[in-house]
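To start, the structure under review is shown below, and the notes come after it.
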Amino acid sequence: MINTDTKLVGLLGDPVAHSLSPLMHNSAFRTLGLNYRYLAFKVSTQDLSKAIEGIRGLGLRGANITIPYKQAVLPMLDEVDIQAKRIGAVNTIINEGGRLKGYNTDTTGFLAALKGFGFNPKGQKTVILGAGGVARAIAFALNKAGASVSIINRSLSTAQALAGEIGATAFESTEGGYGAALTGASLLVNATSLGMIPEDPSPLPSGMLLPGIMVFDTVYRPRQTRLLKEAEAAGCVAIGGLEMLIEQGALAFELWTGQNAPRQVMRQVVHEALL
Ligand code: NDP
């Protein structure tokens, strides 16, 4: 029952209509009998700082930050965890008595998902499409795990800046660039926003994938993106973003509540939602 003790957590982003986080977290709160609720808020760029101030003003327990604000939110917080600061992106906020602290659970969420699919990044050649908030978390995660990282982004300068921070290589988003980056690669990650809308083109020109490459699409809705369909047709291992969603969400849940997240319930409800 919602009452005056109910703690609220919010998802701030634009778009948010696709998000399974409200379903996943509310199911988890209910399972553990926690008097928490999770709501999604579509926030425009000009309202972001007011929305963050609202977390303080209304005493929300915390928030998740999604597209396109994972980087923009950093200077609005009172404190940023050292790993999130290094990455330059925050996806989880905790409100401790009016002080907002930012964390990044995408990094561990991504690595846990990869591990679950039996991929060890150490010594592997990997390619990331995109250079936004999620791409940054994944680039830092793969780099730290001992992989070599190549980055391709629509805006080359953003890819170059990220590559420069971790000693990675940036390539142009041209056929030549994709071809050079993918030579000898064993993992391709889509961390662009392309794929969230069924009409979206693939983030990769067709015919570039060789059998054996693992293709990880961070997009989880729709479950089968154009990229994943093309990957399967090319004989690649194709993985969607659901396991990453569950793990990054579980870690955020544990930060807000201090309790172990019921991962199996979270997994079940998001899988059912996409049947
Ligand atoms: P950002 O807005 O920070 O970054 C978006 C990235 O996509 C940028 O690199 C941008 O390039 C690129 N991009 C956007 N539109 C296009 C386009 N039309 N053509 C080519 N590139 C484009 O978003 P996030 O990093 O927060 O999110 C990225 C993805 O991660 C989303 O698809 C989201 O669904 C997914 N995600 C998955 C999660 C999971 O747990 N599975 C959790 C959170 C997000 P440019 O720099 O040129 O603008």
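Just remember, in the structure tokens the first chain shown is A, the second B, etc., residues are 1-based per chain, and ligands are 1-based in the order shown.
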Which residues, written as a list of chain:residue names, have at least one atom at most 12 Å from Pro68 in chain A, with only C-alpha atoms counted and residues fewer than 2 positions away on the same chain left out?
A:Leu12, A:Gly13, A:Asp14, A:Pro15, A:Val16, A:Lys42, A:Val43, A:Ser44, A:Thr45, A:Leu48, A:Asn64, A:Ile65, A:Thr66, A:Lys70, A:Gln71, A:Ala72, A:Val73, A:Ala89, A:Val90, A:Asn91, A:Ala131, A:Gly132, A:Gly133, A:Val134, A:Ala135, A:Thr192, A:Ser193
Can those selected residues be exported to a file as a PDB file, in the first residue's frame so that it contains C-alpha atoms?
```
ATOM      1  CA  LEU A  12      15.066  10.253 -15.537  1.00  0.00           C
ATOM      2  CA  GLY A  13      15.645  10.304 -19.280  1.00  0.00           C
ATOM      3  CA  ASP A  14      14.169  10.923 -22.706  1.00  0.00           C
ATOM      4  CA  PRO A  15      12.793   8.640 -24.056  1.00  0.00           C
ATOM      5  CA  VAL A  16      11.659   6.475 -21.127  1.00  0.00           C
ATOM      6  CA  LYS A  42      10.410  11.908 -19.191  1.00  0.00           C
ATOM      7  CA  VAL A  43      12.678  14.923 -18.647  1.00  0.00           C
ATOM      8  CA  SER A  44      13.663  17.465 -21.308  1.00  0.00           C
ATOM      9  CA  THR A  45      17.240  18.740 -21.510  1.00  0.00           C
ATOM     10  CA  LEU A  48      17.276  18.178 -16.139  1.00  0.00           C
ATOM     11  CA  ASN A  64      18.324   5.926 -12.439  1.00  0.00           C
ATOM     12  CA  ILE A  65      19.647   8.140 -15.211  1.00  0.00           C
ATOM     13  CA  THR A  66      19.226   7.049 -18.802  1.00  0.00           C
ATOM     14  CA  LYS A  70      24.363   9.905 -18.043  1.00  0.00           C
ATOM     15  CA  GLN A  71      27.194  12.381 -18.616  1.00  0.00           C
ATOM     16  CA  ALA A  72      25.290  15.673 -18.231  1.00  0.00           C
ATOM     17  CA  VAL A  73      24.176  14.809 -14.698  1.00  0.00           C
ATOM     18  CA  ALA A  89      28.918   8.693 -16.622  1.00  0.00           C
ATOM     19  CA  VAL A  90      26.360   8.060 -13.865  1.00  0.00           C
ATOM     20  CA  ASN A  91      23.334   5.775 -14.135  1.00  0.00           C
ATOM     21  CA  ALA A 131      30.584   6.881 -27.481  1.00  0.00           C
ATOM     22  CA  GLY A 132      27.751   8.056 -25.183  1.00  0.00           C
ATOM     23  CA  GLY A 133      27.118   7.207 -21.529  1.00  0.00           C
ATOM     24  CA  VAL A 134      26.723   3.437 -21.912  1.00  0.00           C
ATOM     25  CA  ALA A 135      29.571   3.180 -24.423  1.00  0.00           C
ATOM     26  CA  THR A 192      24.320   3.490 -29.804  1.00  0.00           C
ATOM     27  CA  SER A 193      20.618   4.290 -29.527  1.00  0.00           C
TER      28      SER A 193
END
```
Out of range 35-180 of chain A, which residues get helix (DSSP H, G or I) from DSSP, as a ChimeraX atom specification?
/A:45-58,74-76,82-87,106-116,133-144,156-166,175-180
Please extract the residues of range 128-230 of chain A with a backbone DSSP assignment of strand (DSSP E) and present them as a list in words.
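Filtering range 128-230 of chain A down to strand (DSSP E) leaves Ile128, Leu129, Ser148, Val149, Ser150, Ile151, Ile152, Thr169, Ala170, Phe171, Leu187, Leu188, Val189, Asn190, Met214, Val215, Phe216 and Asp217 of chain A.
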Ranking A:Gly54, A:Ala112, A:Ala233, A:Val127 by minimum distance to Asn95 in chain A and counting only C-alpha atoms, which one comes first?
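Comparing A:Gly54, A:Ala112, A:Ala233, A:Val127 against Asn95 in chain A, the winner is A:Gly54.
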Can you pull out every residue within 8 Å of Arg37 in chain A, counting only C-alpha atoms, but drop anything in the same chain fewer than 5 positions away, and send it as an MDAnalysis selection string?
chainID A and resid 6:9 25:26 29
Shortest interatomic distance to Gly176 in chain A - which of A:Ala51, A:Ala161, A:Ile152, A:Met196, counting only C-alpha atoms
A:Ile152
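Taking atom 22 (C, counted along the ligand's line) of ligand 1 as the reference point, CA of Ile52 in chain A is found at 25.5 Å.
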Need to verify the contact set: Val189 in chain A, 12 Å, only C-alpha atoms, exclusion of same-chain residues closer than 4 positions in sequence. Can you return it as a PyMOL selection string?
chain A and resi 110+114+125-131+134-139+142+149-153+182+185+193-194+203-204+213-219+227-228+231+237-241
Determine the nearest neighbour of Tyr178 in chain A from the options A:Arg267, A:Gly116, A:Ala159, A:Pro205, counting only C-alpha atoms.
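Checking each candidate against Tyr178 in chain A, we get A:Pro205 as the closest.
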